[in-house]
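**Q** Quick one: this structure, given as structure tokens, is what I'll be asking you about.
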Amino acid sequence: MERVDTLYSRCSRNAGVQDCLFLTLIVILSLIWYIRGLGFYLDDYAYLRSLFSAHDQSVLGLTRALYSGVPGTRFRPVEVFLMASQYWLFGAHPLPYHLLNSAVLLSSILLFYLVLREMGQPRLLTLTVPLVYALLPHYSTDRFWVVTSPHLWSITLYFLSLYADLRALRNRLAHIWRWKLLSMISLVGSGLAYEVALPLFILHPLIIWRHAQQLYGRVPGRNMVRQNAGVLLGSNLLLLGLVLAFKVVMTIHLGDQTGLRPGIRRGGGYLDYVVFLVTESIRVNLGTYGVGLPHVVWRAMHLLPDWTIIIVAGFFALIILAYLTYVARQSQLTQPSRATWRVCILTGLVVFGFGYAIFLSTDRIAFSSAGLDNRVAIAAAIGVAFLFVGGVGWLSSLFHSIYSAKRVFCILVSLLCACGFLVINTVAIFWTTAYRQQQVILADIRERIPALSPGSTLIVAGICPQIGPAAVFHAQDLAHALTLSYEQPVLRADVAYWSPRITEKGIAIRGGFYPYDEKLLLYNFTQKIIYPLPDAGSVRRYSQMLNSHHDCLPVNWGWRTETPSPRS
């Protein structure tokens with residue numbers, strides 16, 4: 001066990017505590033400026049409406065109501081339970097939801113650090129990879145949108161499962177089962193919360209086997225590794241297969257509405273889709289936020305020239321630089337070599353590929369640098385963090401002086417983190433502004449229309465459904481929000497932003513088809529006027545309002561229009 005102790009002692013316990021406290025401080029500073037202004041958006045209201053309308057308001061009753069009310073989530077039972085539990089605890093108050101999601105995000109960062117530390121990596125690498133991952137804007141939507149909380153839980157449980165397996169390797173046989181049980185529970189929880197991290201579990205056997213060889217060597221510990229291989233590796237693969245089978249069966253049972261399904265393309269062959277997946281993932285993650293990062297930062301400051309955030313970003317960079325410089329001085333004997341940085345880059349490429357591998361089985365993906373669709377990059381961003389740190393480390397290793405190499409590395413990582421902080425907080429301004437606009441719209445409707453009879457349909461014109469990358473109201477989310485506001489579960493509503501199709505029986509807007517009757521109303525938010533729509537003639541009289549458009553397209557950080565899914 002001397003080799004185990006030597007490998008594990010590369011990062012002392014005190015150093016580990018210091019690094020965890022530092023990472024905690026950085027994550028808190030990255031979100032403290034916007035978290036109080038976040039609210040609910042889009043699908044959040046669908047969940048809230050189902051939960052609000054449940055007759056049984058216990059956790060079990062809320063879970064049943066959500067499970068039956070939102071069929072598309074049945075292959076993600078952990079997601080259903082999480083949303084029901086949060087509603088039981090917090091009701092319709094958004095701040096506690098975002099505080100909990102932030103705590104889960106922080107947990108994933110700390111577990112990421114502990115995994116690398118357990119693997120005996122040099123302290124500078126062990127610290128900087130989770131640090132960069134914490135501040136990547138690639139998956140910023142997961143920070144702002146409550147309904148994406150299963151993404152955060154999935155990644156956190158993935159790291160917990162990997163950490164538990166690594167800890168099991170260096171414990172006596174009597175304690176292996178405790179860590180192994182934790183690993184198995186975490187694997188199942190991660191897969192049933194969301195499937196984006198599932199392909200990463202395929203890498204577990206390779207990681208565990210490689211670490212076992214480092215711990216015990218090839219000859220002396222071969223028997224021990226072989227004896228525990230079935231427990232440590234076989235159980236993971238078995239559970240992973242069961243989780244995948246459950247998702248496939250549930251997807252077929254739901255009529256292939258969503259989730260995992262065969263790669264049947266609607267606009268081309270499967271090979272065309274694979275090329276699309278590869279090229280667009282590289283363009284957004286390594287193009288827009290890689291070589292194009294200076295352009296993104298300039299555009300962020302141009303869109304919202306908030307000098308407070310810019311100044312705070314400068315202090316943020318100085319804090320990171322000071323601590324990284326301190327760590328670099330403390331870890332002179334374990335300074336990563338050029339070969340280590342190359343391995344880091346290779347690891348990043350592999351993890352990046354596996355982060356998107358789940359979408360080889362489904363075409364339900366679109367790519368966006370700052371919009372709603374960047375939420376799916378949360379797993380691939382782990383690989384991006386390795387790539388960025390490995391690239392910066394390799395560049396700094398070109399300096400012959402160790403002192404210069406360390407200084408350049410610390411400066412570049414600090415600048416990279418400051419850029420991420422600036423972009424994330426700029427995008428957050430759109431989200432907080434969008435939620436404030438929601439509150440204004442809902443309050444205005446309640447003031448102008450004190451009561452809506454059951455079965456009423458309200459078409460709202462004169463509002464922008466989106467502010468930058470953040471949604472205000474698109475379609476049915478307005479109906480769900482009004483249900484909560486009026487406390488009536490049978491209201492219908494839509495936003496007259498997209499040009500409607502007028503027929504003799506009703507009007508068709510993107511959110512649905514609405515037949516004419518006395519309860520069909522058009523409310524112009526700009527003019528504060530209500531118009532009844534009993535027939536097609538009345539709709540034609542107000543068609544100019546229904547066809548009004550606003551300059552409120554999503555923010556595009558890149559050099560060309562954000563790429564939609566091939567299915568759209």
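Ordered as shown in the structure tokens, chains take letters A, B, and onward, while each chain numbers its residues from 1 and ligands are numbered from 1 in the order shown.
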Which polymer residues have any atom within 12 Å of an atom of region 293-301 of chain A, counting only C-alpha atoms, with same-chain residues fewer than 4 positions away left out, as a VMD selection string?
**A** chain A and resid 136 to 138 283 to 289 305 to 311 313 369 to 370 388 415 to 430 468 555 to 559
**Q** Could the residues in this selection be saved with N, CA and C atoms as a compact mmCIF listing (two decimals), in the first residue's frame?
**A**
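See out_9.txt below for the written result:
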# COMPACT_ATOMS: atom_id res chain seq x y z
N LEU A 136 -17.30 27.93 -18.06
CA LEU A 136 -17.54 27.85 -19.50
C LEU A 136 -18.96 28.34 -19.82
N PRO A 137 -19.11 29.25 -20.77
CA PRO A 137 -20.45 29.70 -21.17
C PRO A 137 -21.14 28.74 -22.13
N HIS A 138 -20.48 27.64 -22.47
CA HIS A 138 -21.01 26.68 -23.44
C HIS A 138 -22.37 26.13 -23.04
N ARG A 283 -17.98 23.76 -34.29
CA ARG A 283 -18.13 25.19 -34.60
C ARG A 283 -18.53 26.00 -33.37
N VAL A 284 -19.54 25.50 -32.65
CA VAL A 284 -20.04 26.27 -31.50
C VAL A 284 -19.08 26.20 -30.32
N ASN A 285 -18.62 24.99 -29.99
CA ASN A 285 -17.84 24.82 -28.76
C ASN A 285 -16.39 25.25 -28.90
N LEU A 286 -15.79 24.99 -30.06
CA LEU A 286 -14.37 25.29 -30.24
C LEU A 286 -14.15 26.46 -31.19
N GLY A 287 -15.18 26.80 -31.97
CA GLY A 287 -15.08 27.94 -32.87
C GLY A 287 -15.54 29.21 -32.20
N THR A 288 -16.84 29.29 -31.94
CA THR A 288 -17.40 30.49 -31.31
C THR A 288 -16.76 30.78 -29.97
N TYR A 289 -16.67 29.76 -29.12
CA TYR A 289 -16.11 29.95 -27.77
C TYR A 289 -14.65 29.53 -27.66
N PRO A 305 -23.12 47.27 -22.55
CA PRO A 305 -21.90 47.87 -21.97
C PRO A 305 -22.07 48.20 -20.50
N ASP A 306 -22.16 47.16 -19.68
CA ASP A 306 -22.31 47.32 -18.24
C ASP A 306 -20.92 47.35 -17.62
N TRP A 307 -20.46 48.53 -17.26
CA TRP A 307 -19.10 48.66 -16.74
C TRP A 307 -18.93 48.00 -15.39
N THR A 308 -20.03 47.83 -14.66
CA THR A 308 -19.93 47.14 -13.38
C THR A 308 -19.45 45.71 -13.58
N ILE A 309 -20.06 45.00 -14.54
CA ILE A 309 -19.67 43.62 -14.81
C ILE A 309 -18.25 43.57 -15.34
N ILE A 310 -17.89 44.53 -16.20
CA ILE A 310 -16.54 44.54 -16.77
C ILE A 310 -15.49 44.74 -15.68
N ILE A 311 -15.76 45.66 -14.76
CA ILE A 311 -14.81 45.91 -13.66
C ILE A 311 -14.73 44.69 -12.74
N ALA A 313 -15.30 41.65 -13.57
CA ALA A 313 -14.58 40.60 -14.30
C ALA A 313 -13.07 40.79 -14.15
N SER A 369 -24.96 29.05 -29.42
CA SER A 369 -23.89 29.46 -28.52
C SER A 369 -24.43 30.04 -27.22
N ALA A 370 -25.55 30.79 -27.31
CA ALA A 370 -26.10 31.42 -26.11
C ALA A 370 -27.57 31.16 -25.92
N PHE A 388 -9.11 23.06 -23.38
CA PHE A 388 -8.62 24.42 -23.15
C PHE A 388 -7.43 24.43 -22.21
N LEU A 415 -7.37 34.77 -17.62
CA LEU A 415 -8.07 35.52 -18.67
C LEU A 415 -9.22 34.69 -19.25
N LEU A 416 -9.00 33.40 -19.44
CA LEU A 416 -10.04 32.53 -19.95
C LEU A 416 -11.24 32.49 -19.00
N CYS A 417 -10.97 32.39 -17.71
CA CYS A 417 -12.04 32.36 -16.71
C CYS A 417 -12.77 33.70 -16.64
N ALA A 418 -12.02 34.81 -16.74
CA ALA A 418 -12.65 36.13 -16.71
C ALA A 418 -13.56 36.33 -17.92
N CYS A 419 -13.15 35.83 -19.08
CA CYS A 419 -13.99 35.91 -20.27
C CYS A 419 -15.28 35.12 -20.07
N GLY A 420 -15.16 33.92 -19.51
CA GLY A 420 -16.34 33.13 -19.23
C GLY A 420 -17.27 33.84 -18.26
N PHE A 421 -16.72 34.43 -17.21
CA PHE A 421 -17.51 35.18 -16.24
C PHE A 421 -18.26 36.32 -16.93
N LEU A 422 -17.57 37.06 -17.80
CA LEU A 422 -18.17 38.20 -18.48
C LEU A 422 -19.31 37.77 -19.40
N VAL A 423 -19.09 36.71 -20.17
CA VAL A 423 -20.11 36.24 -21.11
C VAL A 423 -21.33 35.69 -20.35
N ILE A 424 -21.09 34.88 -19.33
CA ILE A 424 -22.20 34.30 -18.56
C ILE A 424 -23.05 35.39 -17.93
N ASN A 425 -22.41 36.38 -17.33
CA ASN A 425 -23.17 37.43 -16.66
C ASN A 425 -23.84 38.37 -17.64
N THR A 426 -23.29 38.51 -18.85
CA THR A 426 -23.97 39.29 -19.88
C THR A 426 -25.22 38.57 -20.36
N VAL A 427 -25.11 37.27 -20.62
CA VAL A 427 -26.28 36.48 -21.01
C VAL A 427 -27.32 36.50 -19.89
N ALA A 428 -26.87 36.48 -18.65
CA ALA A 428 -27.80 36.48 -17.51
C ALA A 428 -28.66 37.73 -17.49
N ILE A 429 -28.13 38.85 -17.96
CA ILE A 429 -28.91 40.09 -17.97
C ILE A 429 -30.15 39.92 -18.85
N PHE A 430 -30.01 39.22 -19.97
CA PHE A 430 -31.17 38.96 -20.82
C PHE A 430 -32.21 38.13 -20.08
N GLY A 468 -33.22 38.63 -26.50
CA GLY A 468 -31.95 37.96 -26.69
C GLY A 468 -32.14 36.46 -26.65
N VAL A 555 -29.66 36.05 -29.39
CA VAL A 555 -28.29 36.55 -29.50
C VAL A 555 -27.43 35.53 -30.24
N ASN A 556 -26.64 36.00 -31.17
CA ASN A 556 -25.73 35.14 -31.92
C ASN A 556 -24.32 35.62 -31.68
N TRP A 557 -23.52 34.83 -30.97
CA TRP A 557 -22.15 35.22 -30.67
C TRP A 557 -21.22 34.95 -31.84
N GLY A 558 -21.63 34.10 -32.76
CA GLY A 558 -20.74 33.70 -33.84
C GLY A 558 -20.74 34.68 -35.00
N TRP A 559 -20.26 34.22 -36.14
CA TRP A 559 -20.15 35.07 -37.31
C TRP A 559 -21.29 34.85 -38.29
**Q** Residues at most 12 Å from Ile282 (chain A), counting only C-alpha atoms, excluding those fewer than 2 positions away in the same chain, as a list in words?
**A**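 Once the nearby chain positions are removed, what remains is His138, Val275, Phe276, Leu277, Val278, Thr279, Glu280, Val284, Asn285, Leu286, Gly287, Thr288, Tyr289, Gly290, Val291, Gly292, Leu349, Phe352, Gly353, Tyr356, Phe367, Ser368, Ser369, Ala377, Ala380, Ala381, Gly383 and Val384 of chain A.
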**Q** Given the selection you just returned, output its residues as a file containing C-alpha atoms, formatted as a PDB file, in the first residue's frame.
**A**
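result09.pdb, freshly written:
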ATOM      1  CA  HIS A 138     -21.005  26.685 -23.444  1.00  0.00           C
ATOM      2  CA  VAL A 275     -21.453  15.196 -40.326  1.00  0.00           C
ATOM      3  CA  PHE A 276     -23.859  17.895 -39.098  1.00  0.00           C
ATOM      4  CA  LEU A 277     -23.411  16.751 -35.506  1.00  0.00           C
ATOM      5  CA  VAL A 278     -19.610  16.781 -35.686  1.00  0.00           C
ATOM      6  CA  THR A 279     -19.170  20.031 -37.594  1.00  0.00           C
ATOM      7  CA  GLU A 280     -21.703  22.056 -35.627  1.00  0.00           C
ATOM      8  CA  VAL A 284     -20.041  26.268 -31.503  1.00  0.00           C
ATOM      9  CA  ASN A 285     -17.842  24.819 -28.763  1.00  0.00           C
ATOM     10  CA  LEU A 286     -14.372  25.294 -30.241  1.00  0.00           C
ATOM     11  CA  GLY A 287     -15.078  27.939 -32.866  1.00  0.00           C
ATOM     12  CA  THR A 288     -17.399  30.492 -31.312  1.00  0.00           C
ATOM     13  CA  TYR A 289     -16.109  29.947 -27.771  1.00  0.00           C
ATOM     14  CA  GLY A 290     -12.599  28.907 -28.806  1.00  0.00           C
ATOM     15  CA  VAL A 291     -10.794  30.886 -31.471  1.00  0.00           C
ATOM     16  CA  GLY A 292     -13.768  33.268 -31.591  1.00  0.00           C
ATOM     17  CA  LEU A 349     -11.154  15.163 -27.444  1.00  0.00           C
ATOM     18  CA  PHE A 352     -15.979  15.851 -25.968  1.00  0.00           C
ATOM     19  CA  GLY A 353     -16.962  13.144 -28.436  1.00  0.00           C
ATOM     20  CA  TYR A 356     -22.409  14.289 -27.769  1.00  0.00           C
ATOM     21  CA  PHE A 367     -26.809  24.094 -31.706  1.00  0.00           C
ATOM     22  CA  SER A 368     -26.668  27.543 -30.186  1.00  0.00           C
ATOM     23  CA  SER A 369     -23.891  29.463 -28.519  1.00  0.00           C
ATOM     24  CA  ALA A 377     -23.493  20.820 -24.221  1.00  0.00           C
ATOM     25  CA  ALA A 380     -19.307  17.781 -23.855  1.00  0.00           C
ATOM     26  CA  ALA A 381     -18.102  20.889 -22.007  1.00  0.00           C
ATOM     27  CA  GLY A 383     -14.029  17.656 -22.667  1.00  0.00           C
ATOM     28  CA  VAL A 384     -13.781  21.313 -23.689  1.00  0.00           C
TER      29      VAL A 384
END
**Q** From the list A:Ala357, A:Leu160, A:Ala197, A:Leu442, which residue is nearest Leu181 (chain A) when using only C-alpha atoms?
**A** A:Leu160
**Q** Env of Leu198 (chain A): 12 Å cut, atoms = only C-alpha atoms, seq-sep filter 5 positions within chain, self excluded. Answer as a ChimeraX atom specification.
**A** /A:151,154-155,157-159,161,186-193,203-204,236-237,239-244,247,260,351,354-359,379-380
**Q** Within 9 Å of Tyr486 (chain A), counting only C-alpha atoms, which residues qualify if same-chain residues fewer than 2 places away don't, as an NGL selection string?
**A** :A and (446 or 450-452 or 481-484 or 488-489 or 491)
**Q** Taking into account only C-alpha atoms, which residue in the set A:Leu372, A:Val70, A:Val312, A:Ala434 is nearest to Ile467 (chain A)?
**A** A:Ala434
**Q** Can you pull out the residues contacting Gln476 (chain A)? Cut-off 10 Å, using only C-alpha atoms, and skip same-chain residues under 6 positions away; I want them as a compact mmCIF listing (two decimals) with N, CA and C atoms, in the first residue's frame.
**A**
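Result written to result.txt:
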# COMPACT_ATOMS: atom_id res chain seq x y z
N LEU A 42 -40.76 29.27 -20.12
CA LEU A 42 -41.22 28.23 -21.03
C LEU A 42 -41.75 26.99 -20.32
N ASP A 43 -41.04 25.86 -20.43
CA ASP A 43 -41.53 24.59 -19.89
C ASP A 43 -41.67 24.59 -18.37
N TYR A 45 -43.36 26.59 -16.67
CA TYR A 45 -44.77 26.85 -16.38
C TYR A 45 -45.64 25.63 -16.64
N ALA A 46 -45.25 24.79 -17.60
CA ALA A 46 -46.02 23.56 -17.84
C ALA A 46 -45.93 22.64 -16.63
N LEU A 482 -50.77 32.16 -16.89
CA LEU A 482 -52.05 32.77 -16.54
C LEU A 482 -52.88 31.85 -15.65
N ARG A 492 -56.85 29.17 -21.79
CA ARG A 492 -56.00 29.01 -22.96
C ARG A 492 -55.47 30.38 -23.36
N ALA A 493 -54.26 30.41 -23.87
CA ALA A 493 -53.66 31.68 -24.26
C ALA A 493 -52.57 31.43 -25.28
N ASP A 494 -52.24 32.47 -26.04
CA ASP A 494 -51.18 32.37 -27.02
C ASP A 494 -50.64 33.77 -27.29
N VAL A 495 -49.49 33.82 -27.96
CA VAL A 495 -48.84 35.08 -28.30
C VAL A 495 -48.93 35.30 -29.79
N ARG A 510 -49.01 29.61 -33.87
CA ARG A 510 -48.01 28.57 -33.65
C ARG A 510 -48.38 27.69 -32.46
N GLY A 511 -49.03 28.27 -31.44
CA GLY A 511 -49.36 27.52 -30.24
C GLY A 511 -50.54 26.59 -30.38
N GLY A 512 -51.38 26.76 -31.43
CA GLY A 512 -52.53 25.89 -31.58
C GLY A 512 -53.60 26.52 -32.44
**Q** Could you tell me how far CA of Trp394 (chain A) lies from CA of Val376 (chain A), in Å and to one decimal?
**A** 28.5 Å
**Q** Which residue, A:Val392, A:Leu321, A:Ile185, A:Leu106, has the smallest gap to Leu135 (chain A) when you use only C-alpha atoms?
**A**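 The closest residue to Leu135 (chain A) is A:Leu106.
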**Q** From the set A:Ile411, A:Val78, A:Leu478, A:Leu398, which residue has the shortest atom-to-atom contact distance to Asp44 (chain A), counting only C-alpha atoms?
**A**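 Of all the options, A:Leu478 lies closest to Asp44 (chain A).
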**Q** Smallest atom-to-atom distance to Leu29 (chain A): which of A:Thr63, A:Gln437, A:Thr73, A:Ser102, using only C-alpha atoms?
**A**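 Among the listed residues, the smallest separation from Leu29 (chain A) belongs to A:Ser102.
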**Q** Using the chain letters and numbers from this document, which residues of region 463-524 of chain A does DSSP assign to strand (DSSP E), as a list of chain:residue names?
**A** A:Gln466, A:Ile467, A:Ala470, A:Ala471, A:Arg492, A:Ala493, A:Asp494, A:Val495, A:Arg501, A:Ile502, A:Gly506, A:Ile507, A:Ala508, A:Ile509, A:Gly512, A:Phe513, A:Tyr514, A:Pro515, A:Leu520, A:Leu521, A:Leu522, A:Tyr523, A:Asn524
**Q** I'd like the interatomic distance between CA of Val343 (chain A) and CA of Leu127 (chain A), to a tenth of an Å.
**A**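 Distance between the two atoms: 16.3 Å.
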**Q** Would you give me, as number ranges by chain, the residues in region 50-146 of chain A that DSSP reads as helix (DSSP H, G or I)?
**A** A: 50-52, 59-69, 71-73, 77-90, 94-118, 123-134, 137-139, 141-144, 146
**Q** For Phe316 (chain A), which of A:Ala366, A:Ala475, A:Leu25, A:Leu111 is the closest residue, counting only C-alpha atoms?
**A**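 Nearest to Phe316 (chain A): A:Leu25.
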